[in-house]
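A.B. asks: File follows, structure.cif with mmCIF, C-alpha atoms:
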data_upload
#
loop_
_atom_site.label_atom_id
_atom_site.label_comp_id
_atom_site.auth_asym_id
_atom_site.auth_seq_id
_atom_site.Cartn_x
_atom_site.Cartn_y
_atom_site.Cartn_z
CA MET A 5 -21.27 -93.56 53.72
CA LEU A 6 -19.98 -93.99 50.17
CA GLY A 7 -23.33 -92.92 48.79
CA GLY A 8 -23.32 -89.85 51.00
CA SER A 9 -19.82 -88.91 49.83
CA SER A 10 -20.91 -89.20 46.21
CA ASN A 11 -23.90 -86.92 46.80
CA PHE A 12 -21.68 -84.38 48.51
CA LYS A 13 -19.37 -84.26 45.48
CA GLU A 14 -22.28 -83.73 43.11
CA ILE A 15 -23.64 -80.85 45.21
CA ALA A 16 -20.17 -79.30 45.42
CA ASN A 17 -19.74 -79.51 41.66
CA LYS A 18 -23.13 -77.84 41.10
CA ASN A 19 -22.20 -75.05 43.48
CA VAL A 20 -18.92 -74.52 41.62
CA ASP A 21 -20.77 -74.31 38.29
CA ASN A 22 -23.20 -71.77 39.74
CA ILE A 23 -20.37 -69.63 41.10
CA GLU A 24 -18.52 -69.67 37.80
CA SER A 25 -21.73 -68.64 36.07
CA LYS A 26 -22.21 -65.81 38.56
CA SER A 27 -18.66 -64.67 38.00
CA SER A 28 -19.14 -64.58 34.23
CA THR A 29 -22.39 -62.66 34.71
CA SER A 30 -20.66 -60.18 37.02
CA GLU A 31 -17.95 -59.44 34.47
CA LYS A 32 -20.54 -58.94 31.74
CA LEU A 33 -22.57 -56.68 34.01
CA TYR A 34 -19.55 -54.48 34.76
CA LYS A 35 -18.84 -54.08 31.06
CA GLU A 36 -22.45 -53.11 30.34
CA LEU A 37 -22.45 -50.65 33.23
CA GLY A 38 -19.37 -49.04 31.72
CA THR A 39 -21.21 -48.49 28.43
CA VAL A 40 -24.24 -47.01 30.19
CA ALA A 41 -22.01 -44.79 32.33
CA ALA A 42 -20.32 -43.39 29.23
CA LYS A 43 -23.64 -42.51 27.63
CA MET A 44 -25.00 -41.00 30.84
CA ASN A 45 -21.81 -38.93 30.98
CA GLU A 46 -22.75 -37.43 27.59
CA LEU A 47 -26.38 -36.89 28.63
CA PHE A 48 -25.40 -34.81 31.64
CA VAL A 49 -22.56 -33.05 29.86
CA GLU A 50 -23.96 -29.63 30.80
CA ASP A 51 -23.38 -30.40 34.48
CA ILE A 52 -19.77 -31.25 33.66
CA LEU A 53 -19.40 -27.99 31.78
CA ASP A 54 -20.82 -25.95 34.65
CA LYS A 55 -18.39 -27.49 37.12
CA GLN A 56 -15.46 -26.88 34.81
CA GLU A 57 -16.46 -23.26 34.18
CA LYS A 58 -16.85 -22.58 37.90
CA SER A 59 -13.37 -23.90 38.61
CA GLU A 60 -12.06 -21.86 35.63
CA ARG A 61 -10.49 -24.87 34.07
CA THR A 62 -9.36 -24.13 30.54
CA GLU A 63 -7.10 -27.07 29.84
CA ILE A 64 -8.28 -29.87 27.58
CA ILE A 65 -9.10 -33.09 29.32
CA ASP A 66 -6.82 -35.88 28.20
CA THR A 67 -9.04 -38.43 26.48
CA LYS A 68 -6.33 -41.02 26.82
CA GLU A 69 -6.29 -40.87 30.63
CA LYS A 70 -5.48 -44.25 32.17
CA PRO A 71 -8.29 -46.14 33.85
CA ARG A 72 -8.58 -45.52 37.56
CA GLU A 73 -7.24 -48.35 39.61
CA GLU A 74 -9.92 -48.16 42.25
CA LYS A 75 -11.15 -51.65 42.97
CA ILE A 76 -14.51 -53.09 43.84
CA PRO A 77 -14.18 -56.11 46.12
CA ILE A 78 -16.15 -59.20 45.24
CA GLN A 79 -18.50 -60.05 48.07
CA GLU A 80 -19.15 -63.66 47.14
CA GLU A 81 -17.62 -66.43 49.22
CA ILE A 82 -15.55 -68.59 46.89
CA PRO A 83 -14.97 -72.30 47.68
CA GLU A 84 -11.46 -73.60 47.79
CA GLY A 85 -10.04 -74.52 44.41
CA ILE A 86 -12.00 -71.89 42.40
CA LYS A 87 -9.86 -69.06 41.09
CA ILE A 88 -11.70 -65.77 40.53
CA PRO A 89 -10.04 -62.34 40.45
CA GLU A 90 -10.16 -60.66 43.83
CA SER A 91 -11.33 -57.40 42.29
CA LEU A 92 -12.44 -55.87 39.03
CA PRO A 93 -11.48 -52.39 37.85
CA ILE A 94 -14.21 -49.76 37.58
CA PRO A 95 -15.02 -49.34 33.89
CA GLU A 96 -13.50 -46.28 32.34
CA MET A 97 -15.87 -43.36 31.75
CA PRO A 98 -14.67 -41.68 28.54
CA GLN A 99 -14.35 -37.91 28.70
CA MET A 100 -14.79 -35.25 26.02
CA PRO A 101 -12.49 -32.30 25.24
CA LEU A 102 -13.75 -29.02 26.67
CA GLU A 103 -14.35 -27.48 23.24
CA GLU A 104 -16.44 -30.47 22.21
CA ILE A 105 -18.40 -30.16 25.45
CA LYS A 106 -19.16 -26.50 24.68
CA GLU A 107 -20.32 -27.40 21.21
CA ASP A 108 -22.30 -30.36 22.51
CA LYS A 109 -24.09 -28.02 24.92
CA LYS A 110 -26.14 -26.91 21.92
CA THR A 111 -27.28 -30.48 21.31
CA ASP A 112 -31.02 -30.89 21.53
CA PHE A 113 -32.85 -33.70 23.29
CA ARG A 114 -33.31 -35.72 20.09
CA GLU A 115 -29.56 -35.94 19.56
CA LEU A 116 -28.98 -36.82 23.21
CA PHE A 117 -31.61 -39.53 22.92
CA ASP A 118 -29.78 -40.89 19.87
CA LYS A 119 -26.56 -41.03 21.90
CA LEU A 120 -28.10 -42.61 24.95
CA PHE A 121 -29.67 -45.46 23.02
CA ALA A 122 -28.20 -47.52 20.24
CA GLU A 123 -28.86 -46.03 16.81
CA ASP A 124 -30.23 -49.29 15.45
CA PHE A 125 -32.72 -49.48 18.30
CA PHE A 126 -33.92 -45.91 17.82
CA ASP A 127 -34.13 -46.19 14.03
CA ASN A 128 -36.06 -49.45 14.25
CA PHE A 129 -38.40 -47.94 16.83
CA LYS A 130 -38.99 -44.89 14.67
CA ASN A 131 -39.52 -46.90 11.50
CA MET A 132 -41.86 -49.25 13.32
CA GLY A 133 -43.94 -46.29 14.49
CA GLU A 134 -44.08 -44.76 11.02
CA SER A 135 -45.00 -48.11 9.52
CA ASN A 136 -47.78 -48.64 12.05
CA THR A 137 -49.08 -45.14 11.40
CA ASN A 138 -49.13 -45.68 7.66
CA ASP A 139 -50.77 -49.08 8.04
CA SER A 140 -53.37 -47.55 10.35
CA ARG A 141 -54.12 -44.75 7.93
CA GLU A 142 -54.40 -47.12 4.99
CA SER A 143 -56.69 -49.44 6.89
CA ASN A 144 -58.94 -46.57 8.02
CA ILE A 145 -59.28 -44.93 4.62
CA GLU A 146 -61.94 -46.54 2.45
CA LYS A 147 -61.50 -46.00 -1.25
CA LYS A 148 -64.26 -43.66 -2.32
CA ASP A 149 -66.43 -44.48 -5.31
CA SER A 150 -65.71 -42.06 -8.18
CA THR A 151 -69.39 -42.01 -9.16
CA LEU A 152 -70.37 -40.88 -5.67
CA GLU A 153 -67.69 -38.17 -5.66
CA LYS A 154 -69.05 -36.69 -8.90
CA ILE A 155 -72.59 -36.70 -7.53
CA GLU A 156 -71.44 -34.92 -4.36
CA LYS A 157 -69.76 -32.18 -6.38
CA SER A 158 -72.80 -31.76 -8.64
CA ILE A 159 -75.22 -31.10 -5.77
CA SER A 160 -73.11 -29.37 -3.11
CA THR A 161 -71.25 -26.64 -5.02
CA PRO A 162 -72.63 -23.68 -7.01
CA GLU A 163 -70.35 -24.65 -9.91
CA GLY A 164 -71.64 -28.21 -9.91
CA ILE A 165 -75.27 -27.09 -9.83
CA LYS A 166 -74.75 -24.63 -12.69
CA GLN A 167 -73.12 -27.35 -14.80
CA LEU A 168 -76.02 -29.65 -14.03
CA ILE A 169 -78.54 -26.97 -15.08
CA ASP A 170 -76.64 -26.24 -18.30
CA LYS A 171 -76.54 -29.94 -19.08
CA HIS A 172 -80.34 -30.19 -19.00
CA PRO A 173 -81.87 -27.42 -21.09
CA GLU A 174 -85.18 -29.33 -21.07
CA LYS A 175 -85.54 -28.38 -17.39
CA ALA A 176 -84.18 -24.85 -17.72
CA GLU A 177 -87.53 -23.07 -17.41
CA LEU A 178 -88.67 -25.12 -14.43
CA TRP A 179 -85.43 -24.67 -12.54
CA LYS A 180 -85.25 -20.97 -13.35
CA SER A 181 -88.70 -20.45 -11.84
CA GLN A 182 -87.74 -22.40 -8.74
CA LEU A 183 -84.48 -20.49 -8.27
CA GLU A 184 -86.24 -17.14 -8.57
CA SER A 185 -88.69 -18.16 -5.88
CA ILE A 186 -85.89 -19.43 -3.63
CA ALA A 187 -84.17 -16.04 -3.85
CA THR A 188 -87.02 -14.60 -1.75
CA LEU A 189 -85.74 -16.53 1.27
CA ASN A 190 -83.15 -13.78 1.69
CA ASP A 191 -85.68 -11.01 1.15
CA PRO A 192 -86.56 -9.37 4.51
CA GLU A 193 -89.78 -8.00 2.97
CA ALA A 194 -91.04 -11.39 1.76
CA SER A 195 -94.43 -12.42 3.12
CA PRO A 196 -94.89 -15.61 5.16
CA ALA A 197 -96.73 -17.20 2.22
CA GLU A 198 -93.86 -16.40 -0.13
CA ILE A 199 -91.35 -17.85 2.32
CA ARG A 200 -93.35 -21.06 2.68
CA SER A 201 -93.61 -21.38 -1.09
CA ALA A 202 -89.87 -20.78 -1.50
CA GLN A 203 -89.04 -23.38 1.14
CA ALA A 204 -91.25 -25.95 -0.59
CA LYS A 205 -89.57 -25.28 -3.92
CA LEU A 206 -86.12 -25.51 -2.32
CA SER A 207 -87.03 -28.90 -0.86
CA LEU A 208 -88.29 -30.07 -4.23
CA LEU A 209 -85.31 -28.75 -6.17
CA LYS A 210 -82.62 -30.33 -4.00
CA GLY A 211 -84.28 -33.75 -4.47
CA GLN A 212 -84.53 -33.22 -8.23
CA LEU A 213 -80.89 -32.20 -8.50
CA MET A 214 -79.74 -35.29 -6.62
CA GLU A 215 -81.87 -37.57 -8.77
CA ILE A 216 -80.67 -36.01 -12.05
CA ALA A 217 -77.03 -36.16 -10.91
CA VAL A 218 -77.38 -39.89 -10.16
CA LYS A 219 -78.95 -40.57 -13.55
CA ASP A 220 -76.21 -38.65 -15.35
CA GLU A 221 -73.40 -40.50 -13.60
CA LEU A 222 -74.97 -43.92 -14.14
CA SER A 223 -75.34 -43.12 -17.84
CA GLU A 224 -71.66 -42.14 -17.93
CA ALA A 225 -70.80 -45.47 -16.28
CA GLY A 226 -72.51 -47.38 -19.13
CA PHE A 227 -76.05 -48.01 -17.86
CA ASP A 228 -79.23 -47.54 -19.81
CA VAL A 229 -81.19 -45.26 -17.46
CA GLU A 230 -84.96 -44.91 -17.65
CA THR A 231 -85.75 -41.25 -18.19
CA GLN A 232 -89.26 -41.38 -16.74
CA GLN A 233 -90.28 -42.73 -13.38
CA ARG A 234 -92.68 -45.63 -13.42
CA VAL A 235 -94.86 -47.25 -10.80
CA VAL A 236 -93.80 -50.54 -9.23
CA GLU A 237 -95.66 -52.51 -6.59
CA GLY A 238 -94.34 -52.32 -3.04
CA GLU A 239 -95.52 -54.28 -0.01
CA ASN A 240 -97.89 -51.46 0.95
CA GLY A 241 -98.88 -50.19 -2.47
CA GLY A 242 -97.45 -48.62 -5.60
CA THR A 243 -94.22 -46.61 -5.50
CA ARG A 244 -92.00 -44.84 -8.04
CA PRO A 245 -88.25 -45.57 -7.74
CA ASP A 246 -86.17 -42.45 -8.31
CA VAL A 247 -83.70 -44.19 -10.62
CA ILE A 248 -83.93 -47.45 -12.56
CA ALA A 249 -80.87 -48.39 -14.63
CA LYS A 250 -80.01 -51.55 -16.55
CA ASN A 251 -76.65 -52.92 -17.57
CA ASN A 252 -77.13 -53.72 -21.23
CA THR A 253 -73.40 -54.05 -21.90
CA ASP A 254 -71.43 -57.27 -22.20
CA HIS A 255 -69.35 -56.62 -19.09
CA PRO A 256 -69.96 -56.00 -15.37
CA ILE A 257 -70.26 -52.41 -14.14
CA GLU A 258 -69.29 -51.43 -10.61
CA VAL A 259 -70.88 -48.39 -8.96
CA PHE A 260 -71.45 -47.49 -5.28
CA GLY A 261 -69.37 -50.54 -4.37
CA VAL A 262 -71.86 -52.89 -6.07
CA THR A 263 -71.17 -54.94 -9.20
CA ILE A 264 -74.01 -55.10 -11.71
CA GLN A 265 -73.68 -57.98 -14.14
CA PRO A 266 -74.77 -57.77 -17.80
CA GLY A 267 -78.57 -57.86 -17.98
CA GLU A 268 -79.02 -56.90 -14.31
CA THR A 269 -81.00 -53.90 -13.05
CA LEU A 270 -80.00 -51.32 -10.46
CA SER A 271 -82.64 -49.33 -8.52
CA VAL A 272 -81.67 -46.24 -6.51
CA GLU A 273 -83.76 -44.33 -3.98
CA CYS A 274 -82.42 -40.80 -3.32
CA LYS A 275 -82.98 -38.94 -0.04
CA CYS A 276 -81.73 -35.38 0.49
CA GLY A 277 -82.96 -33.99 3.83
CA GLY A 278 -82.35 -33.39 7.51
CA SER A 279 -82.30 -36.00 10.28
CA SER A 280 -85.99 -35.59 11.21
CA TYR A 281 -86.98 -35.97 7.55
CA MET A 282 -84.77 -39.06 7.25
CA THR A 283 -86.24 -40.62 10.39
CA ASN A 284 -89.79 -40.11 9.12
CA GLN A 285 -88.88 -41.57 5.73
CA LEU A 286 -87.23 -44.62 7.29
CA ASN A 287 -90.28 -45.31 9.41
CA ASN A 288 -93.03 -44.61 6.91
CA HIS A 289 -91.92 -44.57 3.25
CA ILE A 290 -88.52 -46.11 2.56
CA PRO A 291 -89.57 -49.69 3.53
CA ASN A 292 -92.34 -49.67 0.92
CA GLN A 293 -90.08 -48.06 -1.67
CA LEU A 294 -87.25 -50.57 -1.21
CA SER A 295 -89.65 -53.49 -1.19
CA GLY A 296 -90.72 -52.56 -4.74
CA HIS A 297 -87.22 -52.01 -6.15
CA GLU A 298 -85.95 -54.26 -8.93
CA GLY A 299 -82.57 -55.94 -9.06
CA LYS A 300 -79.75 -54.54 -6.92
CA LYS A 301 -81.04 -51.91 -4.48
CA ILE A 302 -79.33 -48.73 -3.32
CA LEU A 303 -80.52 -46.19 -0.74
CA LEU A 304 -78.48 -43.02 -1.40
CA THR A 305 -78.71 -40.28 1.21
CA THR A 306 -77.02 -37.13 2.44
CA SER A 307 -74.88 -37.44 5.57
CA ASP A 308 -77.82 -36.36 7.78
CA ILE A 309 -78.95 -39.98 8.00
CA ARG A 310 -76.13 -40.53 10.50
CA ASP A 311 -78.15 -38.50 13.01
CA THR A 312 -81.18 -40.78 12.87
CA PRO A 313 -81.83 -43.32 15.67
CA THR A 314 -78.97 -45.81 15.94
CA GLY A 315 -79.40 -48.86 13.73
CA LEU A 316 -82.63 -47.68 12.08
CA ALA A 317 -81.23 -47.15 8.58
CA ASN A 318 -79.12 -50.32 8.64
CA ASN A 319 -82.03 -52.42 9.87
CA VAL A 320 -84.33 -51.18 7.10
CA CYS A 321 -81.70 -51.77 4.43
CA GLU A 322 -80.87 -55.25 5.72
CA LYS A 323 -84.54 -56.22 5.77
CA TYR A 324 -84.96 -55.37 2.09
CA ASP A 325 -81.48 -56.43 0.95
CA ALA A 326 -80.47 -52.89 -0.01
CA LYS A 327 -77.13 -51.15 0.35
CA LEU A 328 -76.95 -47.86 2.24
CA VAL A 329 -74.70 -45.33 0.51
CA VAL A 330 -74.08 -42.10 2.43
CA ALA A 331 -72.76 -39.07 0.58
CA ASP A 332 -70.18 -36.94 2.35
CA VAL A 333 -72.48 -33.96 1.95
CA SER A 334 -75.16 -32.58 4.29
CA VAL A 335 -78.51 -31.18 3.22
CA SER A 336 -77.46 -27.74 4.50
CA GLU A 337 -74.51 -27.75 2.09
CA VAL A 338 -76.84 -28.56 -0.80
CA GLU A 339 -79.29 -25.83 0.23
CA ASN A 340 -76.55 -23.22 0.62
CA ALA A 341 -75.16 -24.04 -2.83
CA ILE A 342 -78.65 -23.71 -4.37
CA LYS A 343 -79.17 -20.33 -2.63
CA GLU A 344 -75.86 -19.06 -4.01
CA VAL A 345 -76.96 -20.02 -7.52
CA ALA A 346 -80.33 -18.35 -6.95
CA GLU A 347 -78.66 -15.09 -5.90
CA SER A 348 -76.20 -15.04 -8.80
#
Now, as a test, write the supplied structure out as structure tokens.

C.D. replies:
Amino acid sequence: MLGGSSNFKEIANKNVDNIESKSSTSEKLYKELGTVAAKMNELFVEDILDKQEKSERTEIIDTKEKPREEKIPIQEEIPEGIKIPESLPIPEMPQMPLEEIKEDKKTDFRELFDKLFAEDFFDNFKNMGESNTNDSRESNIEKKDSTLEKIEKSISTPEGIKQLIDKHPEKAELWKSQLESIATLNDPEASPAEIRSAQAKLSLLKGQLMEIAVKDELSEAGFDVETQQRVVEGENGGTRPDVIAKNNTDHPIEVFGVTIQPGETLSVECKCGGSSYMTNQLNNHIPNQLSGHEGKKILLTTSDIRDTPTGLANNVCEKYDAKLVVADVSVSEVENAIKEVAES
């Protein structure tokens, strides 16, 4: 019996603790509801205004009105000996003067949102969103190689092509002849043979311009660039790399995202053509070309290579330890720029 009485007292004490905790929670809840009610009052202020206008009330509401004494009975059953108030007053819902309500009617949703939620919460939420956006943008933007940007401009704009032509007077006669032939592509009276010849020269010229632009930019970066192509041995026979450059300086040089140490060689294969041309090259020619490259290997192409079969270009480059560098320029942009120069 004594043991049972002791257990009963322990259970009673636990129940008392729980009830006191509930009472404290109830008081806190009422206070928080009062805060929410005040903010909801501001949110639906237009409804208040409409009711006041309909009743033609023009007096200013007394903001110091005493709290209503209406009580909310507590439904919990309280054990003997525990003192808890029999009722709690309804939290006061602050009012706004009529003139302030009229002015507040112009408030937009953003301002109402600010009022409904704590300013710190909203500011933190906004700043967090802006921070995430900035972080996302920074993480998605890859720093572009300045050498590649200059090459793109040289081959995809009429101004860049003209500067390239002026920079190489030794090729002036050849390029002039090619440009004159290309101009016939816009001649409605040109014969089929003339059109075929012009298309062949256009294809040849765009490749030459890309190759010359790469050589010029590598020279500017500090490389010693071989002016003439030479034959190297590939896995399926001889091939001529478009560009062979050597770092003969006493410091590393970084181009196309690759660092070339002093004494190292860089070989670049240039491809300027449509997706079908690129696919054919990847299947039949590029493997042999890359296999014969010396030193660090680069396959530089127009953006059309993105339309080749998925994984083909990456697989070829991985097999021969070459880096794929894709210019942000399509072959059509290069061709259009050449045609503009030809017509000028």

A.B. asks: Applying 12 Å and only C-alpha atoms, which residues near Ser223 of chain A remain after dropping the ones on its own chain fewer than 5 positions away? List them as JSON, numbers by chain.

C.D. replies: {"A": [151, 216, 217, 218, 228, 229, 230, 231, 247, 248, 249, 250, 251, 252, 253, 257, 259, 270]}

A.B. asks: Grab the residues selected above and save them as an mmCIF file, keeping the file's coordinate frame with C-alpha atoms.

C.D. replies:
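What follows is the written file part.cif:
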data_model
loop_
_atom_site.group_PDB
_atom_site.id
_atom_site.type_symbol
_atom_site.label_atom_id
_atom_site.label_comp_id
_atom_site.auth_asym_id
_atom_site.auth_seq_id
_atom_site.Cartn_x
_atom_site.Cartn_y
_atom_site.Cartn_z
ATOM 1 C CA THR A 151 -69.390 -42.010 -9.160
ATOM 2 C CA ILE A 216 -80.670 -36.010 -12.050
ATOM 3 C CA ALA A 217 -77.030 -36.160 -10.910
ATOM 4 C CA VAL A 218 -77.380 -39.890 -10.160
ATOM 5 C CA ASP A 228 -79.230 -47.540 -19.810
ATOM 6 C CA VAL A 229 -81.190 -45.260 -17.460
ATOM 7 C CA GLU A 230 -84.960 -44.910 -17.650
ATOM 8 C CA THR A 231 -85.750 -41.250 -18.190
ATOM 9 C CA VAL A 247 -83.700 -44.190 -10.620
ATOM 10 C CA ILE A 248 -83.930 -47.450 -12.560
ATOM 11 C CA ALA A 249 -80.870 -48.390 -14.630
ATOM 12 C CA LYS A 250 -80.010 -51.550 -16.550
ATOM 13 C CA ASN A 251 -76.650 -52.920 -17.570
ATOM 14 C CA ASN A 252 -77.130 -53.720 -21.230
ATOM 15 C CA THR A 253 -73.400 -54.050 -21.900
ATOM 16 C CA ILE A 257 -70.260 -52.410 -14.140
ATOM 17 C CA VAL A 259 -70.880 -48.390 -8.960
ATOM 18 C CA LEU A 270 -80.000 -51.320 -10.460
#

A.B. asks: Using the chain letters and numbering of this document, enumerate as a compact mmCIF listing (two decimals) with C-alpha atoms, in the frame of the given file the residues selected by the PyMOL selection byres ((chain A and resi 304) around 6).

C.D. replies:
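Final output, saved to selection_37.txt:
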# COMPACT_ATOMS: atom_id res chain seq x y z
CA CYS A 274 -82.42 -40.80 -3.32
CA LEU A 303 -80.52 -46.19 -0.74
CA THR A 305 -78.71 -40.28 1.21
CA VAL A 329 -74.70 -45.33 0.51
CA VAL A 330 -74.08 -42.10 2.43

A.B. asks: Looking at A:Glu224, A:Gly299, A:Asp191, A:Ile199, which one is nearest to Gln265 of chain A, with distances taken over all atoms listed in the file?

C.D. replies: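 So, comparing all the options, the nearest one is A:Gly299.
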
A.B. asks: Evaluate the PyMOL selection byres ((chain A and resi 338) around 9) on the structure here and hand back the selected residues as number ranges by chain.

C.D. replies: A: 159-162, 210, 276, 333-337, 339-343

A.B. asks: Please write as a list in words the full residue list that the PyMOL selection byres ((chain A and resi 278-290) around 9) yields on this file.

C.D. replies: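 Matching residues under the PyMOL selection byres ((chain A and resi 278-290) around 9) are Glu273, Lys275, Cys276, Gly277, Pro291, Asn292, Gln293, Leu294, Ser295, Leu303, Thr305, Thr306, Ser307, Asp308, Ile309, Arg310, Asp311, Thr312, Pro313, Leu316, Ala317, Val320, Ser334, Val335 and Ser336 of chain A.
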
A.B. asks: One number please: atom CA of Lys175 of chain A to atom CA of Gln212 of chain A, in Å, one decimal.

C.D. replies: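 Between atom CA of Lys175 of chain A and atom CA of Gln212 of chain A the gap is 10.4 Å.
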